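Here the structure comes first, spelled out in structure tokens, and everything after it is commentary.
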2 protein chains.
Amino acid sequence: MCGIVGYTGTDTAKDILLAGLKRLEYRGYDSAGVALERTDPAGETHLDVIRRVGKVAGLESELEHVDDESTCGIGHTRWATHGRPSVANAHPHACCGGNIAVVHNGIIENFAELRDELTARGHVFGSETDTEVLAHLVEEAYAQTHELVAAVRKACECVVGAYGLAAVCADEPGVIAVARKDSPIVIGRGEHGSYVASDIIALIDATRDVVVLEDGQFARLAPEGITYTDAQGELIEPEVTHIDWDIDMAEKGGYPDFMLKEICEQPRVVRDTLVGRLAPSGELDIDELGLTFEELDLIDRVYVIACGTSYHAGLVAKNLIEGWARIPCEVEAASEFRYRNPIITPSTLVVAVSQSGETADTLAAIRDARIKGAKVFGITNVVGSPVARESDGVIYTKANKEIAVASTKSFIGQIVSLTLLAMLLGQVKGKLTTGQVRMLFRELGDTAAQIQYILDSQREAVHEAALACKDAPSALFVGRGMGAAISYEGALKLKEVSYLHAEAYAAGEMKHGPIALIDPGFPVIAVTTKSPVYDKVVSNLKECEARGAKIIALATEGDEDIKQIADHVIYIPPVRDAFSAITASVPLQLLARDVAVMRGCDVDQPRNLAKSVTVE
Amino acid sequence: MCGIVGYTGTDTAKDILLAGLKRLEYRGYDSAGVALERTDPAGETHLDVIRRVGKVAGLESELEHVDDESTCGIGHTRWATHGRPSVANAHPHACCGGNIAVVHNGIIENFAELRDELTARGHVFGSETDTEVLAHLVEEAYAQTHELVAAVRKACECVVGAYGLAAVCADEPGVIAVARKDSPIVIGRGEHGSYVASDIIALIDATRDVVVLEDGQFARLAPEGITYTDAQGELIEPEVTHIDWDIDMAEKGGYPDFMLKEICEQPRVVRDTLVGRLAPSGELDIDELGLTFEELDLIDRVYVIACGTSYHAGLVAKNLIEGWARIPCEVEAASEFRYRNPIITPSTLVVAVSQSGETADTLAAIRDARIKGAKVFGITNVVGSPVARESDGVIYTKANKEIAVASTKSFIGQIVSLTLLAMLLGQVKGKLTTGQVRMLFRELGDTAAQIQYILDSQREAVHEAALACKDAPSALFVGRGMGAAISYEGALKLKEVSYLHAEAYAAGEMKHGPIALIDPGFPVIAVTTKSPVYDKVVSNLKECEARGAKIIALATEGDEDIKQIADHVIYIPPVRDAFSAITASVPLQLLARDVAVMRGCDVDQPRNLAKSVTVE
């Protein structure tokens, strides 16, 4: 998520904006910028737009040369999702006339269409971003309304997508217009002026009484006060919330740790990763594809190369790619792949999955594979990262900056991205019809709401399950098919954050050795969601139960029978087996996090681990 | 291993032979038989050869109808290695004239050649066994020598291979001739006669003072006494050993448990599995191949399907098949494979690996694969087992009956068999020259001596390592490439017999999660044998060491540097990386066994596990 700040009042705007941006910086950044109102000696107001790639500190030294007179401005830190990190792509974006500037979070889904229309009407674009269309739309509207909030309201009517935005206009000095839909905006009134930000943390030094703007609401900030209006322009009286969080809590959005915060962000990650991916024609639209459909059609073998959690996303992908596209797919740890002279031909597609896009082994594997003539496709969370740069094509996971060391939301983003790729391969290979793709895409989108439902309804059940296994010396996770892939990730997550030694097995393998571990009270966490192998998993579980295992089952809502063998049941909504990894992984993330908290571990920064592994 | 018994004296021979055979029965059987001398009313001596498929009890009821007069005979229980279990293939085997009968353990390597020669000279064969040539050879020799031991000595001069054998001849009543090379024979003198057997346990009721016959020695048993001769026929005075084992110890050949006994049998398993596999032309000779070279040449994809330990043999095979034959090879748990609609075409080779040959999931996977048109090749320890019957071709692992539930020697047999298959595929695909195959085959054979060297020299080092990890709550096994495959099996073995939760990881994956488990004293067992990835593994280990892990390293002899990071080092002789799984697995088997003993576990019959898993 990018960060927005805005201030209008009697103090020095640049200092307030910089302080706010620094507060937001922990969430990742690749560039930052501000637009400041400046009044010239003739009394004329202009906008100075100053942007820098890199840390906020870079912007700060740039602003040292700017005088302190401006008392109104907006600022932004960017975490690239559309267009690579560059000065041109950094916010704020100005209109052609330079008198209007906009900062924006979210994704404008119809931006390509809007840009074409605006270009046809003579607008000139300076960036690759979706945001810039807003600046031009507001510019056109302002020519009619001569009032900034009204112009912003009019611009928003043209837009499909999500936005939290703030705009300033040189012709209306001291005024900031704010709008929101599906992207957070908070507004506050301090002693010395009015404040807006995308996150409470950027406001917290100025005020503790904030208005959380709702979808479809607009605000007009002026030095002397703030007015709120609805989509029709009618004045409204918003509710004021008092914040008693400290800075640490505020960074975590009120959650006790980043891991939980990021787990809870996953519905958004699903939605964002899917935005704009299905063309009205029913064709999947992956703009960073980098490979023609003809090239994809030649693919006869897929390697998914990754490490750790990303590797487990690969296990999910294998099921989908083989199932939908009928192309043999192998998943391999990058550190193994690169040292074993794997069989690669020009018709091999290597899919590299890396949250950071800079995982050393994955990167080296890509390079080797390309030398051998493979096509390479990247799945990463970081725009412009080495994995993205060195791949023929890329899908970005749109998880935004992930702070907890143990991956959660980027894992879900990876699975969604890989699912898109599998659907695309299925479509290209003629194994999936447009109708099937459309149906799958819709169901895939539905998982966002299903995750939310799990987050809302299963916290207590997860908590009980965590209590049941927190003191165990070790644990097993089991499942079959997609459930096995889910189990591997569940076990890794628990190991990573709670240091409880958990191992995963395909349930059918239990009898071939691991079941020897089972003694009374040994925790077995089982994925028993409804699928063609449900009965088989249950019968494997009965063998564990007979030996006294404490069974925690992830089951499909409505499955009452499972309670006969399970000590604890966590329910997930009914979902197509192909998508079950997306939903069923969520309670396992929560379980790992809860056990870690109970065991007194630092969930966000587990011992011995680093967020991104840039050495072998 | 098959079992031999023989008796000549004053008691009822059939009772003594049956008692001996029953003692041997624990080691597996598929058929049993005896040859008894019978004197007819005219004073003429004949041989009655009575054989039955199945348990000794079946033979026993057959023998109820035979009178008790015979006081000289030989008996055998068979565990098929050459030729399927049938009455015709059961021992004893008689010569054409019916007056000579032979029982035999071991493998006659040049039996095909000998059989052709004997057939050309008019002999008629009644079985598919290698043993039968011995009966005919003795018959020919006896026509010249008129003395049984001399005839046996002469027959042995023609034979290449291993044998422990006993022969009787109707023309020399009361005499049993015995010979041995590379296959155990023990002889004893009791109160009522002379006894011979392939194992002390069959003798122990009659006498505690035995002669362990040495290679190249012969014995002549008569009711009144025993004489020993060497290869030249000179009389010798053998050493007598007093046995104070009880029955339980005797069954285990003096070892405290079957697992250790079977670990120690592995040099023989390597040798037996390789016997006769390389034709003088340098072509690999797999007589149960069942697929033509043309069919094999069409193979473009290999699936190895197995469960548990056999699955880990598959991981080793993947490296070899991809490395030598450059055919993509995937290893999959049978329980997963069969339920996920895998991609199979007529050019897919499915290799099914199962010790028992009756593993339910593996068998079902074979059937599914064949329906889909795949070629199926079996690797099993049981001749005529369902996996053997339902495969197009088969390689038998020649491990003989494995009694300990946790597989050791059959695992080594599986790897050797799969190595042969990989070499064959490499040869068929033109990727390995005859010269290379010959060299690899020789080195593969050398692993028998290398295993023996490890067994002789590293027991103490393993014991120390076992002491170091016996009290840990859990452990990690790590390695890269072949070392990763070895690690998976090492961890499973430890889990199975000691219930210590051990998990294996490709070492490069440690930083991506599992290293969070490491705290001071946490045991990490690492395969750090010399290989192209040696340095990489060592650097992964350093990260573990830095966090206080207790490191047990499996290193190549001569590697002194490893002692700088490892707390315990177990050495294995230098070996080609491709064959390192064969040698390096042995100390890990010993480690698992020692830890289990230290933790007071029943190593041969671990809780919750069964030897052969014939249900899903």
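Chain labels A, B, ... are given in the sequence in which chains occur in the structure tokens; within each chain residues are numbered consecutively from 1, and ligands are likewise numbered from 1 in the order shown.
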
For Glu214 (chain B), work out the shell of residues within 12 Å, counting only C-alpha atoms and skipping chain neighbours fewer than 2 positions away, then give it as a PDB file with C-alpha atoms, in the first residue's frame.
ATOM      1  CA  TYR B 163      26.965 -71.446  -2.733  1.00  0.00           C
ATOM      2  CA  GLY B 164      26.274 -73.212   0.478  1.00  0.00           C
ATOM      3  CA  VAL B 178      28.567 -80.217   2.042  1.00  0.00           C
ATOM      4  CA  ALA B 179      30.360 -77.333   0.343  1.00  0.00           C
ATOM      5  CA  ARG B 180      30.522 -73.604   0.795  1.00  0.00           C
ATOM      6  CA  LYS B 181      31.602 -70.420  -0.920  1.00  0.00           C
ATOM      7  CA  ASP B 182      30.250 -67.018   0.191  1.00  0.00           C
ATOM      8  CA  SER B 183      27.140 -68.518   1.708  1.00  0.00           C
ATOM      9  CA  PRO B 184      27.045 -69.690   5.320  1.00  0.00           C
ATOM     10  CA  ILE B 185      27.154 -73.331   6.370  1.00  0.00           C
ATOM     11  CA  VAL B 186      27.428 -74.619   9.932  1.00  0.00           C
ATOM     12  CA  ILE B 187      27.991 -78.233  10.905  1.00  0.00           C
ATOM     13  CA  VAL B 211      32.009 -75.788  12.900  1.00  0.00           C
ATOM     14  CA  VAL B 212      31.508 -72.733  10.735  1.00  0.00           C
ATOM     15  CA  GLY B 216      36.489 -73.664  -0.244  1.00  0.00           C
ATOM     16  CA  GLN B 217      36.038 -76.244   2.484  1.00  0.00           C
ATOM     17  CA  PHE B 218      34.026 -79.465   2.151  1.00  0.00           C
ATOM     18  CA  ALA B 219      32.528 -81.845   4.687  1.00  0.00           C
ATOM     19  CA  TYR B 228      36.515 -82.052   6.648  1.00  0.00           C
ATOM     20  CA  THR B 229      38.590 -81.509   3.515  1.00  0.00           C
ATOM     21  CA  ASP B 230      39.961 -78.569   1.597  1.00  0.00           C
ATOM     22  CA  ALA B 231      39.669 -77.736  -2.082  1.00  0.00           C
ATOM     23  CA  ILE B 236      41.688 -80.580   7.666  1.00  0.00           C
ATOM     24  CA  GLU B 237      40.932 -80.033  11.345  1.00  0.00           C
ATOM     25  CA  PRO B 238      38.430 -77.198  11.663  1.00  0.00           C
ATOM     26  CA  GLU B 239      37.934 -74.983  14.646  1.00  0.00           C
TER      27      GLU B 239
END

Mind running a least-squares superposition of chain A onto chain B over all the C-alpha atoms, in order, and reading off the RMSD?
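Here the C-alpha RMSD works out to 0.1 Å.
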
Using only C-alpha atoms and a distance of at most 7 Å, pull out the residues of chain B that contact chain A, as number ranges by chain.
B: 307-308, 326, 328, 335-336, 340, 343, 473, 480-481, 492, 495-496, 499, 501, 503, 508-509, 511-517, 606-609

Give me the residues within 9 Å of Arg115 (chain A) as a VMD selection string, counting only C-alpha atoms and dropping any in the same chain fewer than 2 places off.
chain A and resid 110 to 113 117 to 120 123 125 130 132 to 133 136

Using N, CA and C atoms, can you write the selected residues to a file as a short mmCIF file (atom, residue, chain, number, x, y, z; two decimals), in the first residue's frame?
data_model
loop_
_atom_site.label_atom_id
_atom_site.label_comp_id
_atom_site.auth_asym_id
_atom_site.auth_seq_id
_atom_site.Cartn_x
_atom_site.Cartn_y
_atom_site.Cartn_z
N ASN A 110 -10.10 0.98 -14.95
CA ASN A 110 -10.34 1.38 -16.36
C ASN A 110 -9.37 2.48 -16.81
N PHE A 111 -8.16 2.47 -16.22
CA PHE A 111 -7.26 3.58 -16.51
C PHE A 111 -6.80 3.61 -17.97
N ALA A 112 -6.64 2.43 -18.57
CA ALA A 112 -6.14 2.38 -19.95
C ALA A 112 -7.13 3.06 -20.88
N GLU A 113 -8.38 2.71 -20.68
CA GLU A 113 -9.49 3.29 -21.44
C GLU A 113 -9.55 4.81 -21.24
N GLU A 117 -8.96 8.00 -23.91
CA GLU A 117 -9.94 9.07 -24.13
C GLU A 117 -9.31 10.44 -23.88
N LEU A 118 -8.56 10.52 -22.76
CA LEU A 118 -7.95 11.81 -22.40
C LEU A 118 -6.90 12.22 -23.43
N THR A 119 -6.13 11.25 -23.87
CA THR A 119 -5.12 11.53 -24.89
C THR A 119 -5.79 12.05 -26.15
N ALA A 120 -6.91 11.39 -26.51
CA ALA A 120 -7.64 11.81 -27.71
C ALA A 120 -8.13 13.25 -27.58
N HIS A 123 -4.81 15.56 -23.88
CA HIS A 123 -3.97 15.50 -22.67
C HIS A 123 -2.67 14.78 -22.96
N PHE A 125 0.46 12.65 -21.28
CA PHE A 125 0.79 11.88 -20.08
C PHE A 125 2.29 11.79 -19.86
N ASP A 130 -1.53 4.52 -13.32
CA ASP A 130 -2.97 4.67 -13.44
C ASP A 130 -3.42 5.99 -12.82
N GLU A 132 -2.26 8.98 -12.89
CA GLU A 132 -2.19 10.24 -13.63
C GLU A 132 -3.51 10.60 -14.32
N VAL A 133 -4.30 9.56 -14.67
CA VAL A 133 -5.59 9.89 -15.30
C VAL A 133 -6.44 10.74 -14.37
N HIS A 136 -5.69 14.44 -14.77
CA HIS A 136 -6.27 15.02 -15.99
C HIS A 136 -7.79 15.09 -15.92
#

So what do you get for CA of Leu444 (chain B) versus CA of Gln458 (chain B), distance-wise?
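Taking CA of Leu444 (chain B) as the start and CA of Gln458 (chain B) as the end point, the length is 20.8 Å.
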
Apply DSSP to the backbone of this structure and, from region 338-526 of chain B, keep only the residues in alpha helix (DSSP H); write these as a PyMOL selection string.
chain B and resi 360-371+386-389+409-428+434-457+459-469+482-498

Residue contacts of Leu554 (chain B) (8 Å, only C-alpha atoms) excluding same-chain residues fewer than 6 positions away, as a count of residues only
10

Give me, as a tab-separated table, each residue of region 100-194 of chain B that comes within 10 Å of region 23-42 of chain B, together with its shortest interatomic pair and the distance in Å at one decimal, counting only C-alpha atoms, with rows ordered by chain and rising residue number.
residue	atom	partner	partner_atom	distance
B:Ile100	CA	B:Ala35	CA	9.3
B:Ala101	CA	B:Ala35	CA	6.7
B:Val102	CA	B:Ala35	CA	8.4
B:Val103	CA	B:Val34	CA	8.8
B:Ala167	CA	B:Ala35	CA	9.3
B:Val168	CA	B:Ala35	CA	8.0
B:Cys169	CA	B:Glu37	CA	8.4
B:Ala170	CA	B:Glu37	CA	6.7
B:Glu172	CA	B:Glu37	CA	10.0
B:Pro173	CA	B:Glu37	CA	7.2
B:Gly174	CA	B:Glu37	CA	7.8
B:Val175	CA	B:Glu37	CA	9.9

When DSSP is applied to the backbone of this structure, which of region 459-565 of chain B are assigned strand (DSSP E or B)? Write them out as a ChimeraX atom specification.
/B:474-479,501-506,523-528,550-556

Could you write those residues out with N, CA and C atoms, as a short mmCIF file (atom, residue, chain, number, x, y, z; two decimals), in the first residue's frame?
data_model
loop_
_atom_site.label_atom_id
_atom_site.label_comp_id
_atom_site.auth_asym_id
_atom_site.auth_seq_id
_atom_site.Cartn_x
_atom_site.Cartn_y
_atom_site.Cartn_z
N SER B 474 13.69 -33.00 19.07
CA SER B 474 13.56 -33.23 17.63
C SER B 474 14.89 -32.93 16.96
N ALA B 475 14.96 -33.20 15.67
CA ALA B 475 16.23 -33.04 14.96
C ALA B 475 15.98 -32.71 13.50
N LEU B 476 16.99 -32.16 12.86
CA LEU B 476 16.92 -31.91 11.41
C LEU B 476 18.03 -32.67 10.70
N PHE B 477 17.72 -33.17 9.52
CA PHE B 477 18.71 -33.79 8.63
C PHE B 477 18.80 -32.89 7.40
N VAL B 478 20.02 -32.56 7.01
CA VAL B 478 20.16 -31.70 5.84
C VAL B 478 21.23 -32.21 4.87
N GLY B 479 21.06 -31.85 3.63
CA GLY B 479 22.02 -32.18 2.59
C GLY B 479 21.55 -31.51 1.31
N HIS B 501 11.35 -37.04 16.66
CA HIS B 501 10.82 -36.36 15.49
C HIS B 501 11.94 -35.70 14.70
N ALA B 502 12.29 -36.31 13.62
CA ALA B 502 13.36 -35.81 12.77
C ALA B 502 12.77 -35.44 11.42
N GLU B 503 13.21 -34.33 10.89
CA GLU B 503 12.72 -33.89 9.59
C GLU B 503 13.91 -33.57 8.70
N ALA B 504 13.76 -33.80 7.42
CA ALA B 504 14.86 -33.54 6.49
C ALA B 504 14.54 -32.35 5.60
N TYR B 505 15.58 -31.62 5.26
CA TYR B 505 15.45 -30.48 4.35
C TYR B 505 16.63 -30.44 3.40
N ALA B 506 16.36 -30.00 2.18
CA ALA B 506 17.45 -29.59 1.32
C ALA B 506 18.13 -28.43 2.05
N PRO B 523 20.04 -30.81 17.43
CA PRO B 523 20.87 -31.66 16.56
C PRO B 523 20.57 -31.45 15.07
N VAL B 524 21.63 -31.23 14.33
CA VAL B 524 21.53 -31.15 12.87
C VAL B 524 22.46 -32.23 12.30
N ILE B 525 21.87 -33.18 11.61
CA ILE B 525 22.66 -34.25 11.02
C ILE B 525 22.82 -33.90 9.53
N ALA B 526 24.06 -33.76 9.10
CA ALA B 526 24.30 -33.22 7.77
C ALA B 526 25.10 -34.19 6.91
N VAL B 527 24.67 -34.32 5.66
CA VAL B 527 25.44 -35.10 4.69
C VAL B 527 26.40 -34.14 4.00
N THR B 528 27.67 -34.26 4.38
CA THR B 528 28.68 -33.33 3.84
C THR B 528 29.77 -34.10 3.11
N LYS B 550 24.02 -28.56 17.45
CA LYS B 550 24.95 -29.67 17.63
C LYS B 550 25.02 -30.38 16.29
N ILE B 551 26.18 -30.34 15.65
CA ILE B 551 26.26 -30.83 14.27
C ILE B 551 26.93 -32.20 14.18
N ILE B 552 26.21 -33.10 13.55
CA ILE B 552 26.73 -34.44 13.27
C ILE B 552 26.92 -34.51 11.76
N ALA B 553 28.16 -34.66 11.33
CA ALA B 553 28.43 -34.63 9.89
C ALA B 553 28.79 -36.01 9.37
N LEU B 554 28.23 -36.35 8.22
CA LEU B 554 28.65 -37.53 7.47
C LEU B 554 29.62 -37.02 6.42
N ALA B 555 30.89 -37.32 6.60
CA ALA B 555 31.89 -36.72 5.72
C ALA B 555 32.69 -37.80 5.00
N THR B 556 33.41 -37.34 3.99
CA THR B 556 34.27 -38.26 3.25
C THR B 556 35.58 -38.42 3.99
#

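Going from CA of Ala369 (chain B) over to CA of Ser407 (chain B), you cover 25.9 Å.
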
Can you tell me which residues surround Val383 (chain A) at a distance of at most 8 Å, considering only C-alpha atoms, apart from same-chain residues fewer than 6 positions away, and format the answer as a ChimeraX atom specification?
/A:80-85,396

Quick one: distance from CA of Glu460 (chain B) to CA of Pro267 (chain B) in Å, one decimal?
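Here the two named atoms are 19.4 Å from each other.
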
If you count only C-alpha atoms, which residues fall within 7 Å of Thr397 (chain B), apart from same-chain ones fewer than 2 positions away, as a PDB file with N, CA and C atoms, in the first residue's frame?
ATOM      1  N   THR B 273      22.382 -58.395  -5.804  1.00  0.00           N
ATOM      2  CA  THR B 273      21.518 -57.670  -6.741  1.00  0.00           C
ATOM      3  C   THR B 273      22.233 -57.428  -8.068  1.00  0.00           C
ATOM      4  N   ILE B 379      10.135 -52.691  -9.023  1.00  0.00           N
ATOM      5  CA  ILE B 379      11.338 -52.975  -8.235  1.00  0.00           C
ATOM      6  C   ILE B 379      10.826 -53.540  -6.924  1.00  0.00           C
ATOM      7  N   THR B 380      11.073 -54.804  -6.676  1.00  0.00           N
ATOM      8  CA  THR B 380      10.516 -55.408  -5.469  1.00  0.00           C
ATOM      9  C   THR B 380      11.435 -56.495  -4.944  1.00  0.00           C
ATOM     10  N   ASN B 381      11.180 -56.841  -3.694  1.00  0.00           N
ATOM     11  CA  ASN B 381      11.998 -57.842  -3.027  1.00  0.00           C
ATOM     12  C   ASN B 381      11.359 -59.217  -3.063  1.00  0.00           C
ATOM     13  N   ILE B 395      12.863 -55.734 -11.609  1.00  0.00           N
ATOM     14  CA  ILE B 395      14.179 -56.083 -11.077  1.00  0.00           C
ATOM     15  C   ILE B 395      13.953 -56.470  -9.619  1.00  0.00           C
ATOM     16  N   ALA B 399      17.301 -58.748  -1.562  1.00  0.00           N
ATOM     17  CA  ALA B 399      17.629 -58.462  -0.160  1.00  0.00           C
ATOM     18  C   ALA B 399      17.300 -59.663   0.711  1.00  0.00           C
ATOM     19  N   SER B 410      16.526 -53.726   2.192  1.00  0.00           N
ATOM     20  CA  SER B 410      15.748 -53.679   0.950  1.00  0.00           C
ATOM     21  C   SER B 410      15.851 -52.289   0.318  1.00  0.00           C
ATOM     22  N   GLY B 413      18.956 -52.444  -1.622  1.00  0.00           N
ATOM     23  CA  GLY B 413      18.664 -53.245  -2.821  1.00  0.00           C
ATOM     24  C   GLY B 413      17.873 -52.441  -3.848  1.00  0.00           C
ATOM     25  N   GLN B 414      16.944 -51.635  -3.358  1.00  0.00           N
ATOM     26  CA  GLN B 414      16.151 -50.805  -4.275  1.00  0.00           C
ATOM     27  C   GLN B 414      17.027 -49.790  -4.998  1.00  0.00           C
ATOM     28  N   SER B 417      19.077 -51.506  -7.592  1.00  0.00           N
ATOM     29  CA  SER B 417      18.240 -51.898  -8.733  1.00  0.00           C
ATOM     30  C   SER B 417      17.884 -50.691  -9.586  1.00  0.00           C
TER      31      SER B 417
END

Tell me which protein, DNA and RNA residues are within 10 Å of Asp456 (chain B), counting only C-alpha atoms, leaving out same-chain ones fewer than 5 positions away, and put them as a CSV table (one decimal) with N, CA and C atoms, in the first residue's frame.
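This is the output file part_0.csv:
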chain,number,residue,atom,x,y,z
B,264,CYS,N,23.7,-55.1,8.5
B,264,CYS,CA,25.0,-55.7,8.3
B,264,CYS,C,25.0,-56.7,7.1
B,450,GLN,N,32.7,-51.0,0.4
B,450,GLN,CA,32.7,-49.7,1.1
B,450,GLN,C,31.7,-49.8,2.3
B,451,ILE,N,30.6,-50.4,2.1
B,451,ILE,CA,29.6,-50.6,3.2
B,451,ILE,C,30.2,-51.4,4.3

Of the candidates B:Thr433, B:Thr447, B:Ser281, B:Ser531, which one gets nearest to Gly483 (chain B) if we count only C-alpha atoms?
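Counting only C-alpha atoms, the residue closest to Gly483 (chain B) is B:Ser531.
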